[in-house]
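Okay, data_1.cif now, which holds mmCIF, C-alpha atoms; chains and numbers go by the auth columns:
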data_data
#
loop_
_atom_site.group_PDB
_atom_site.id
_atom_site.type_symbol
_atom_site.label_atom_id
_atom_site.label_comp_id
_atom_site.label_asym_id
_atom_site.label_seq_id
_atom_site.Cartn_x
_atom_site.Cartn_y
_atom_site.Cartn_z
_atom_site.B_iso_or_equiv
_atom_site.auth_seq_id
_atom_site.auth_asym_id
ATOM 1 C CA GLU A 1 -16.160 -1.992 9.271 0.00 897 X
ATOM 2 C CA PRO A 2 -15.258 1.425 7.776 0.00 898 X
ATOM 3 C CA GLU A 3 -14.020 1.343 4.190 0.00 899 X
ATOM 4 C CA VAL A 4 -12.206 3.572 1.758 0.00 900 X
ATOM 5 C CA THR A 5 -14.347 3.817 -1.362 0.00 901 X
ATOM 6 C CA GLN A 6 -12.925 4.471 -4.820 0.00 902 X
ATOM 7 C CA THR A 7 -14.754 5.298 -8.039 0.00 903 X
ATOM 8 C CA PRO A 8 -14.776 4.344 -10.808 0.00 904 X
ATOM 9 C CA SER A 9 -13.421 0.812 -10.499 0.00 905 X
ATOM 10 C CA HIS A 10 -12.227 0.915 -14.091 0.00 906 X
ATOM 11 C CA GLN A 11 -11.627 3.875 -16.387 0.00 907 X
ATOM 12 C CA VAL A 12 -10.521 3.836 -20.007 0.00 908 X
ATOM 13 C CA THR A 13 -9.306 7.105 -21.446 0.00 909 X
ATOM 14 C CA GLN A 14 -7.587 8.349 -24.562 0.00 910 X
ATOM 15 C CA MET A 15 -4.025 9.566 -24.366 0.00 911 X
ATOM 16 C CA GLY A 16 -3.931 13.296 -23.662 0.00 912 X
ATOM 17 C CA GLN A 17 -7.275 13.370 -21.894 0.00 913 X
ATOM 18 C CA GLU A 18 -7.750 14.467 -18.309 0.00 914 X
ATOM 19 C CA VAL A 19 -8.995 11.975 -15.731 0.00 915 X
ATOM 20 C CA ILE A 20 -10.201 12.420 -12.188 0.00 916 X
ATOM 21 C CA LEU A 21 -10.074 9.493 -9.809 0.00 917 X
ATOM 22 C CA ARG A 22 -12.275 9.763 -6.768 0.00 918 X
ATOM 23 C CA CYS A 23 -11.951 8.479 -3.243 0.00 919 X
ATOM 24 C CA VAL A 24 -13.963 8.716 -0.062 0.00 920 X
ATOM 25 C CA PRO A 25 -11.577 8.135 2.867 0.00 921 X
ATOM 26 C CA ILE A 26 -12.661 6.940 6.289 0.00 922 X
ATOM 27 C CA SER A 27 -14.456 9.818 7.958 0.00 923 X
ATOM 28 C CA ASN A 28 -12.325 10.238 11.082 0.00 924 X
ATOM 29 C CA HIS A 29 -8.994 9.765 9.307 0.00 925 X
ATOM 30 C CA LEU A 30 -6.786 12.802 8.840 0.00 926 X
ATOM 31 C CA TYR A 31 -4.126 11.565 6.415 0.00 927 X
ATOM 32 C CA PHE A 32 -4.841 10.677 2.805 0.00 928 X
ATOM 33 C CA TYR A 33 -2.696 9.047 0.144 0.00 929 X
ATOM 34 C CA TRP A 34 -2.538 8.002 -3.462 0.00 930 X
ATOM 35 C CA TYR A 35 -0.464 5.047 -4.629 0.00 931 X
ATOM 36 C CA ARG A 36 -0.196 3.360 -7.974 0.00 932 X
ATOM 37 C CA GLN A 37 0.720 -0.139 -9.072 0.00 933 X
ATOM 38 C CA ILE A 38 1.639 -0.912 -12.637 0.00 934 X
ATOM 39 C CA LEU A 39 0.554 -4.436 -13.517 0.00 935 X
ATOM 40 C CA GLY A 40 2.785 -6.991 -11.829 0.00 936 X
ATOM 41 C CA GLN A 41 5.035 -4.373 -10.291 0.00 937 X
ATOM 42 C CA LYS A 42 5.496 -2.849 -6.875 0.00 938 X
ATOM 43 C CA VAL A 43 3.199 -0.430 -5.087 0.00 939 X
ATOM 44 C CA GLU A 44 4.526 3.100 -5.606 0.00 940 X
ATOM 45 C CA PHE A 45 3.860 6.117 -3.417 0.00 941 X
ATOM 46 C CA LEU A 46 2.511 9.169 -5.235 0.00 942 X
ATOM 47 C CA VAL A 47 1.403 11.726 -2.655 0.00 943 X
ATOM 48 C CA SER A 48 0.232 12.271 0.906 0.00 944 X
ATOM 49 C CA PHE A 49 -2.217 14.941 2.022 0.00 945 X
ATOM 50 C CA TYR A 50 -2.853 16.379 5.456 0.00 946 X
ATOM 51 C CA ASN A 51 -4.612 19.460 6.729 0.00 947 X
ATOM 52 C CA ASN A 52 -5.675 20.420 3.198 0.00 948 X
ATOM 53 C CA GLU A 53 -2.232 20.430 1.727 0.00 949 X
ATOM 54 C CA ILE A 54 0.310 18.049 0.250 0.00 950 X
ATOM 55 C CA SER A 55 2.675 16.819 2.951 0.00 951 X
ATOM 56 C CA GLU A 56 4.919 14.727 0.741 0.00 952 X
ATOM 57 C CA LYS A 57 5.098 13.680 -2.895 0.00 953 X
ATOM 58 C CA SER A 58 7.251 11.383 -4.975 0.00 954 X
ATOM 59 C CA GLU A 59 9.163 12.041 -8.186 0.00 955 X
ATOM 60 C CA ILE A 60 6.324 10.384 -10.068 0.00 956 X
ATOM 61 C CA PHE A 61 3.927 13.097 -8.891 0.00 957 X
ATOM 62 C CA ASP A 62 4.915 15.736 -11.423 0.00 958 X
ATOM 63 C CA ASP A 63 3.006 18.759 -12.730 0.00 959 X
ATOM 64 C CA GLN A 64 0.565 16.487 -14.568 0.00 960 X
ATOM 65 C CA PHE A 65 -0.817 15.300 -11.235 0.00 961 X
ATOM 66 C CA SER A 66 -2.849 17.186 -8.655 0.00 962 X
ATOM 67 C CA VAL A 67 -4.907 16.283 -5.611 0.00 963 X
ATOM 68 C CA GLU A 68 -7.830 17.992 -4.022 0.00 964 X
ATOM 69 C CA ARG A 69 -10.214 17.601 -1.151 0.00 965 X
ATOM 70 C CA PRO A 70 -13.124 19.583 -2.588 0.00 966 X
ATOM 71 C CA ASP A 71 -15.484 18.948 0.318 0.00 967 X
ATOM 72 C CA GLY A 72 -15.481 17.195 3.669 0.00 968 X
ATOM 73 C CA SER A 73 -15.607 13.707 2.259 0.00 969 X
ATOM 74 C CA ASN A 74 -14.021 13.353 -1.194 0.00 970 X
ATOM 75 C CA PHE A 75 -10.340 13.164 -2.074 0.00 971 X
ATOM 76 C CA THR A 76 -9.476 13.290 -5.771 0.00 972 X
ATOM 77 C CA LEU A 77 -6.471 12.630 -7.972 0.00 973 X
ATOM 78 C CA LYS A 78 -6.390 14.443 -11.302 0.00 974 X
ATOM 79 C CA ILE A 79 -4.108 13.556 -14.178 0.00 975 X
ATOM 80 C CA ARG A 80 -4.177 16.461 -16.614 0.00 976 X
ATOM 81 C CA SER A 81 -2.915 14.899 -19.821 0.00 977 X
ATOM 82 C CA THR A 82 -2.699 11.141 -19.583 0.00 978 X
ATOM 83 C CA LYS A 83 0.120 9.158 -21.126 0.00 979 X
ATOM 84 C CA LEU A 84 0.210 5.461 -22.016 0.00 980 X
ATOM 85 C CA GLU A 85 2.571 4.859 -19.088 0.00 981 X
ATOM 86 C CA ASP A 86 -0.044 6.184 -16.650 0.00 982 X
ATOM 87 C CA SER A 87 -1.945 2.937 -17.136 0.00 983 X
ATOM 88 C CA ALA A 88 -1.978 1.319 -13.709 0.00 984 X
ATOM 89 C CA MET A 89 -4.074 0.548 -10.651 0.00 985 X
ATOM 90 C CA TYR A 90 -4.452 3.631 -8.503 0.00 986 X
ATOM 91 C CA PHE A 91 -5.082 3.117 -4.827 0.00 987 X
ATOM 92 C CA CYS A 92 -6.356 5.650 -2.351 0.00 988 X
ATOM 93 C CA ALA A 93 -5.628 5.172 1.351 0.00 989 X
ATOM 94 C CA SER A 94 -6.248 6.963 4.613 0.00 990 X
ATOM 95 C CA SER A 95 -4.890 6.687 8.135 0.00 991 X
ATOM 96 C CA GLU A 96 -5.291 7.990 11.641 0.00 992 X
ATOM 97 C CA THR A 97 -2.617 9.957 13.422 0.00 993 X
ATOM 98 C CA LEU A 98 -1.552 6.896 15.364 0.00 994 X
ATOM 99 C CA LEU A 99 -0.642 4.094 12.985 0.00 995 X
ATOM 100 C CA ASN A 100 -1.811 1.239 15.199 0.00 996 X
ATOM 101 C CA TYR A 101 -4.028 -0.007 12.412 0.00 997 X
ATOM 102 C CA GLY A 102 -1.874 0.977 9.473 0.00 998 X
ATOM 103 C CA TYR A 103 -3.289 2.481 6.338 0.00 999 X
ATOM 104 C CA THR A 104 -6.719 1.533 5.044 0.00 1000 X
ATOM 105 C CA PHE A 105 -6.697 1.095 1.286 0.00 1001 X
ATOM 106 C CA GLY A 106 -9.517 1.259 -1.210 0.00 1002 X
ATOM 107 C CA SER A 107 -10.048 -1.426 -3.847 0.00 1003 X
ATOM 108 C CA GLY A 108 -8.456 0.708 -6.503 0.00 1004 X
ATOM 109 C CA THR A 109 -9.248 2.234 -9.881 0.00 1005 X
ATOM 110 C CA ARG A 110 -7.822 0.477 -12.908 0.00 1006 X
ATOM 111 C CA LEU A 111 -6.826 3.213 -15.356 0.00 1007 X
ATOM 112 C CA THR A 112 -6.225 2.183 -18.939 0.00 1008 X
ATOM 113 C CA VAL A 113 -4.851 4.810 -21.303 0.00 1009 X
ATOM 114 C CA VAL A 114 -5.254 3.957 -24.972 0.00 1010 X
ATOM 115 C CA SER B 1 16.558 3.307 -3.750 0.00 1154 A
ATOM 116 C CA GLN B 2 14.161 0.651 -2.610 0.00 1155 A
ATOM 117 C CA GLN B 3 13.449 0.625 1.106 0.00 1156 A
ATOM 118 C CA GLY B 4 12.096 -2.886 1.464 0.00 1157 A
ATOM 119 C CA GLU B 5 12.861 -6.063 -0.360 0.00 1158 A
ATOM 120 C CA GLU B 6 11.072 -9.307 0.319 0.00 1159 A
ATOM 121 C CA ASP B 7 12.494 -12.731 0.026 0.00 1160 A
ATOM 122 C CA PRO B 8 11.562 -15.072 -1.527 0.00 1161 A
ATOM 123 C CA GLN B 9 9.836 -13.461 -4.493 0.00 1162 A
ATOM 124 C CA ALA B 10 7.520 -16.441 -4.751 0.00 1163 A
ATOM 125 C CA LEU B 11 6.625 -19.292 -2.417 0.00 1164 A
ATOM 126 C CA SER B 12 4.455 -22.354 -3.024 0.00 1165 A
ATOM 127 C CA ILE B 13 3.350 -24.599 -0.175 0.00 1166 A
ATOM 128 C CA GLN B 14 0.675 -27.123 0.733 0.00 1167 A
ATOM 129 C CA GLU B 15 -2.211 -26.315 3.026 0.00 1168 A
ATOM 130 C CA GLY B 16 -1.275 -26.859 6.635 0.00 1169 A
ATOM 131 C CA GLU B 17 2.378 -25.958 6.135 0.00 1170 A
ATOM 132 C CA ASN B 18 3.953 -22.812 7.529 0.00 1171 A
ATOM 133 C CA ALA B 19 5.022 -19.953 5.263 0.00 1172 A
ATOM 134 C CA THR B 20 7.893 -17.646 6.119 0.00 1173 A
ATOM 135 C CA MET B 21 8.603 -14.418 4.269 0.00 1174 A
ATOM 136 C CA ASN B 22 11.488 -12.096 4.939 0.00 1175 A
ATOM 137 C CA CYS B 23 11.923 -8.379 4.468 0.00 1176 A
ATOM 138 C CA SER B 24 15.070 -6.302 4.526 0.00 1177 A
ATOM 139 C CA TYR B 25 15.180 -2.532 4.664 0.00 1178 A
ATOM 140 C CA LYS B 26 17.865 0.101 4.414 0.00 1179 A
ATOM 141 C CA THR B 27 17.237 3.046 6.716 0.00 1180 A
ATOM 142 C CA SER B 28 16.274 3.350 10.393 0.00 1181 A
ATOM 143 C CA ILE B 29 12.590 2.912 11.120 0.00 1182 A
ATOM 144 C CA ASN B 30 9.966 3.703 13.738 0.00 1183 A
ATOM 145 C CA ASN B 31 7.819 0.777 12.728 0.00 1184 A
ATOM 146 C CA LEU B 32 7.406 -1.868 10.068 0.00 1185 A
ATOM 147 C CA GLN B 33 4.108 -3.075 8.679 0.00 1186 A
ATOM 148 C CA TRP B 34 2.959 -6.086 6.698 0.00 1187 A
ATOM 149 C CA TYR B 35 0.164 -5.979 4.150 0.00 1188 A
ATOM 150 C CA ARG B 36 -1.605 -8.580 2.044 0.00 1189 A
ATOM 151 C CA GLN B 37 -2.900 -8.061 -1.492 0.00 1190 A
ATOM 152 C CA ASN B 38 -5.219 -10.477 -3.196 0.00 1191 A
ATOM 153 C CA SER B 39 -4.924 -10.466 -6.971 0.00 1192 A
ATOM 154 C CA GLY B 40 -6.317 -7.249 -8.447 0.00 1193 A
ATOM 155 C CA ARG B 41 -7.438 -5.941 -5.071 0.00 1194 A
ATOM 156 C CA GLY B 42 -6.331 -3.315 -2.576 0.00 1195 A
ATOM 157 C CA LEU B 43 -3.848 -3.848 0.204 0.00 1196 A
ATOM 158 C CA VAL B 44 -5.012 -5.027 3.599 0.00 1197 A
ATOM 159 C CA HIS B 45 -3.065 -4.142 6.723 0.00 1198 A
ATOM 160 C CA LEU B 46 -2.059 -7.244 8.668 0.00 1199 A
ATOM 161 C CA ILE B 47 0.199 -6.172 11.506 0.00 1200 A
ATOM 162 C CA LEU B 48 2.451 -3.347 12.692 0.00 1201 A
ATOM 163 C CA ILE B 49 5.568 -3.885 14.766 0.00 1202 A
ATOM 164 C CA ARG B 50 7.344 -0.959 16.399 0.00 1203 A
ATOM 165 C CA SER B 51 11.103 -0.527 16.433 0.00 1204 A
ATOM 166 C CA ASN B 52 11.287 -1.312 20.166 0.00 1205 A
ATOM 167 C CA GLU B 53 9.427 -4.605 19.706 0.00 1206 A
ATOM 168 C CA ARG B 54 11.084 -7.853 18.698 0.00 1207 A
ATOM 169 C CA GLU B 55 8.099 -10.088 18.094 0.00 1208 A
ATOM 170 C CA LYS B 56 4.372 -9.712 17.655 0.00 1209 A
ATOM 171 C CA HIS B 57 1.523 -12.160 17.143 0.00 1210 A
ATOM 172 C CA SER B 58 -1.898 -11.826 15.571 0.00 1211 A
ATOM 173 C CA GLY B 59 -3.889 -15.015 15.131 0.00 1212 A
ATOM 174 C CA ARG B 60 -1.851 -17.270 12.811 0.00 1213 A
ATOM 175 C CA LEU B 61 0.609 -14.479 12.049 0.00 1214 A
ATOM 176 C CA ARG B 62 3.915 -14.018 13.788 0.00 1215 A
ATOM 177 C CA VAL B 63 6.175 -11.100 12.946 0.00 1216 A
ATOM 178 C CA THR B 64 9.731 -10.602 14.137 0.00 1217 A
ATOM 179 C CA LEU B 65 11.916 -7.538 13.819 0.00 1218 A
ATOM 180 C CA ASP B 66 15.679 -7.356 14.077 0.00 1219 A
ATOM 181 C CA THR B 67 16.707 -3.710 13.871 0.00 1220 A
ATOM 182 C CA SER B 68 20.403 -4.574 14.083 0.00 1221 A
ATOM 183 C CA LYS B 69 20.089 -6.584 10.857 0.00 1222 A
ATOM 184 C CA LYS B 70 17.420 -4.280 9.399 0.00 1223 A
ATOM 185 C CA SER B 71 15.182 -7.239 8.715 0.00 1224 A
ATOM 186 C CA SER B 72 11.764 -8.604 9.556 0.00 1225 A
ATOM 187 C CA SER B 73 10.002 -11.886 8.975 0.00 1226 A
ATOM 188 C CA LEU B 74 6.357 -12.822 8.634 0.00 1227 A
ATOM 189 C CA LEU B 75 5.355 -16.357 9.558 0.00 1228 A
ATOM 190 C CA ILE B 76 1.931 -17.695 8.648 0.00 1229 A
ATOM 191 C CA THR B 77 1.249 -20.907 10.512 0.00 1230 A
ATOM 192 C CA ALA B 78 -1.067 -23.699 9.370 0.00 1231 A
ATOM 193 C CA SER B 79 -1.610 -22.041 6.000 0.00 1232 A
ATOM 194 C CA ARG B 80 -4.905 -22.227 4.131 0.00 1233 A
ATOM 195 C CA ALA B 81 -5.740 -21.896 0.440 0.00 1234 A
ATOM 196 C CA ALA B 82 -7.329 -18.541 1.311 0.00 1235 A
ATOM 197 C CA ASP B 83 -3.888 -17.250 2.347 0.00 1236 A
ATOM 198 C CA THR B 84 -2.898 -17.243 -1.329 0.00 1237 A
ATOM 199 C CA ALA B 85 -1.935 -13.608 -2.010 0.00 1238 A
ATOM 200 C CA SER B 86 1.022 -11.266 -2.283 0.00 1239 A
ATOM 201 C CA TYR B 87 2.549 -10.063 0.972 0.00 1240 A
ATOM 202 C CA PHE B 88 4.379 -6.770 1.321 0.00 1241 A
ATOM 203 C CA CYS B 89 6.403 -5.196 4.057 0.00 1242 A
ATOM 204 C CA ALA B 90 6.282 -1.425 4.366 0.00 1243 A
ATOM 205 C CA THR B 91 8.175 1.174 6.348 0.00 1244 A
ATOM 206 C CA GLY B 92 7.367 4.769 7.080 0.00 1245 A
ATOM 207 C CA GLY B 93 4.872 6.897 8.925 0.00 1246 A
ATOM 208 C CA THR B 94 1.964 9.196 8.332 0.00 1247 A
ATOM 209 C CA ASP B 95 3.831 11.105 5.595 0.00 1248 A
ATOM 210 C CA LYS B 96 4.234 7.993 3.468 0.00 1249 A
ATOM 211 C CA LEU B 97 4.762 4.266 3.477 0.00 1250 A
ATOM 212 C CA ILE B 98 7.289 2.705 1.177 0.00 1251 A
ATOM 213 C CA PHE B 99 6.471 -0.831 0.126 0.00 1252 A
ATOM 214 C CA GLY B 100 8.809 -3.669 -0.653 0.00 1253 A
ATOM 215 C CA THR B 101 8.715 -5.772 -3.776 0.00 1254 A
ATOM 216 C CA GLY B 102 6.443 -8.415 -2.247 0.00 1255 A
ATOM 217 C CA THR B 103 6.324 -12.186 -1.909 0.00 1256 A
ATOM 218 C CA ARG B 104 3.730 -14.097 -3.940 0.00 1257 A
ATOM 219 C CA LEU B 105 2.428 -16.917 -1.782 0.00 1258 A
ATOM 220 C CA GLN B 106 0.513 -19.808 -3.343 0.00 1259 A
ATOM 221 C CA VAL B 107 -1.090 -22.297 -0.979 0.00 1260 A
ATOM 222 C CA PHE B 108 -2.278 -25.488 -2.632 0.00 1261 A
ATOM 223 C CA PRO B 109 -5.223 -27.380 -1.121 0.00 1262 A
#

Is it possible to give me this structure as structure tokens?
Amino acid sequence: EPEVTQTPSHQVTQMGQEVILRCVPISNHLYFYWYRQILGQKVEFLVSFYNNEISEKSEIFDDQFSVERPDGSNFTLKIRSTKLEDSAMYFCASSETLLNYGYTFGSGTRLTVV
Amino acid sequence: SQQGEEDPQALSIQEGENATMNCSYKTSINNLQWYRQNSGRGLVHLILIRSNEREKHSGRLRVTLDTSKKSSSLLITASRAADTASYFCATGGTDKLIFGTGTRLQVFP
């Protein structure tokens, strides 16, 4: 069964450093997403991406965040200058145009900012 | 404001019992989805029900949707220990999904 792959599974970074979280969405999906989940809290939408541009973003997705699809397979989330409160699980997801099968999520990257 | 809120927040049952989780939402929808999340893992899509549907089944799952009350329920019949997870409802489309607060289900063997 096709999967969304995320790397790394766990990243520890110092406050103020830049991090790049990587995702390989399902190959025939056209819509890509990043979500985050602070430990024990709800799943929060960050950004959606379609046709090589952001289609929607949340208030959380400020100037410190950016997304890119540098080639035909990868989809990345960059945090320019990490803060302690960026510590969370970050989930990538992808979907087809028709939502019959919902979103397919990756297993997540646990980001710890120290 | 939060789009979906699940009720109860936590539910503990014995294997073999049925588990019912409810979701309420605020705005009009085209569809509503349910997802499961095992501890520390990603979300897994369970079922999607469209706004013109009232009930949908998938294996041991039964989902209902009442658009007049802006609510949905997820019923898991004959629960198993492996059903232990958090369950989330979500509304939205290809631009974004907004998730509810989730119900933590514990099924004891």

| said: Show me, as an MDAnalysis selection string, the residues of chain X whose atoms get within 10 Å of chain A, using all atoms listed in the file for the distance check. | reply: chainID X and resid 926:931 935:946 950:954 985:1006

| request: Could you please determine the separation between CA of Ser905 (chain X) and CA of Val1009 (chain X) in Å, to one decimal place? | output: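 Going from CA of Ser905 (chain X) over to CA of Val1009 (chain X), I get 14.4 Å.
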
Step by step, work through what the PyMOL selection byres ((chain A and resi 1226-1228) around 12) selects in the shown file, and finish by giving those residues as a CSV table (one decimal) with C-alpha atoms, in the coordinates of the input.
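Result file follows (result.csv):
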chain,number,residue,atom,x,y,z
A,1157,GLY,CA,12.1,-2.9,1.5
A,1158,GLU,CA,12.9,-6.1,-0.4
A,1159,GLU,CA,11.1,-9.3,0.3
A,1160,ASP,CA,12.5,-12.7,0.0
A,1161,PRO,CA,11.6,-15.1,-1.5
A,1170,GLU,CA,2.4,-26.0,6.1
A,1171,ASN,CA,4.0,-22.8,7.5
A,1172,ALA,CA,5.0,-20.0,5.3
A,1173,THR,CA,7.9,-17.6,6.1
A,1174,MET,CA,8.6,-14.4,4.3
A,1175,ASN,CA,11.5,-12.1,4.9
A,1176,CYS,CA,11.9,-8.4,4.5
A,1177,SER,CA,15.1,-6.3,4.5
A,1178,TYR,CA,15.2,-2.5,4.7
A,1185,LEU,CA,7.4,-1.9,10.1
A,1186,GLN,CA,4.1,-3.1,8.7
A,1187,TRP,CA,3.0,-6.1,6.7
A,1188,TYR,CA,0.2,-6.0,4.2
A,1189,ARG,CA,-1.6,-8.6,2.0
A,1199,LEU,CA,-2.1,-7.2,8.7
A,1200,ILE,CA,0.2,-6.2,11.5
A,1201,LEU,CA,2.5,-3.3,12.7
A,1202,ILE,CA,5.6,-3.9,14.8
A,1207,ARG,CA,11.1,-7.9,18.7
A,1208,GLU,CA,8.1,-10.1,18.1
A,1209,LYS,CA,4.4,-9.7,17.7
A,1210,HIS,CA,1.5,-12.2,17.1
A,1211,SER,CA,-1.9,-11.8,15.6
A,1212,GLY,CA,-3.9,-15.0,15.1
A,1213,ARG,CA,-1.9,-17.3,12.8
A,1214,LEU,CA,0.6,-14.5,12.0
A,1215,ARG,CA,3.9,-14.0,13.8
A,1216,VAL,CA,6.2,-11.1,12.9
A,1217,THR,CA,9.7,-10.6,14.1
A,1218,LEU,CA,11.9,-7.5,13.8
A,1219,ASP,CA,15.7,-7.4,14.1
A,1220,THR,CA,16.7,-3.7,13.9
A,1222,LYS,CA,20.1,-6.6,10.9
A,1223,LYS,CA,17.4,-4.3,9.4
A,1224,SER,CA,15.2,-7.2,8.7
A,1225,SER,CA,11.8,-8.6,9.6
A,1229,ILE,CA,1.9,-17.7,8.6
A,1230,THR,CA,1.2,-20.9,10.5
A,1231,ALA,CA,-1.1,-23.7,9.4
A,1232,SER,CA,-1.6,-22.0,6.0
A,1236,ASP,CA,-3.9,-17.2,2.3
A,1240,TYR,CA,2.5,-10.1,1.0
A,1241,PHE,CA,4.4,-6.8,1.3
A,1242,CYS,CA,6.4,-5.2,4.1
A,1255,GLY,CA,6.4,-8.4,-2.2
A,1256,THR,CA,6.3,-12.2,-1.9
A,1258,LEU,CA,2.4,-16.9,-1.8

| task | Within 12 Å of (3.6, 13.4, -12.0) (coordinates as in the file), grab all the protein and nucleic acid residues, counting all atoms listed in the file, and write them out as a list in words. | result |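 Selection result: Trp930, Tyr931, Arg932, Phe941, Leu942, Val943, Lys953, Ser954, Glu955, Ile956, Phe957, Asp958, Asp959, Gln960, Phe961, Ser962, Val963, Leu973, Lys974, Ile975, Arg976, Ser977, Thr978, Lys979, Glu981 and Asp982 of chain X.
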
| Rounded to one decimal in Å, what is the spacing between CA of Ala984 (chain X) and CA of Asn948 (chain X)? |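 That distance, rounded to one decimal, is 25.8 Å.
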
| Minimum-distance residue to Glu897 (chain X), chosen among X:Val1010, X:Ile922, X:Gln910, X:Glu949 (using all atoms listed in the file) |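 Using all atoms listed in the file, Glu897 (chain X) sits closest to X:Ile922.
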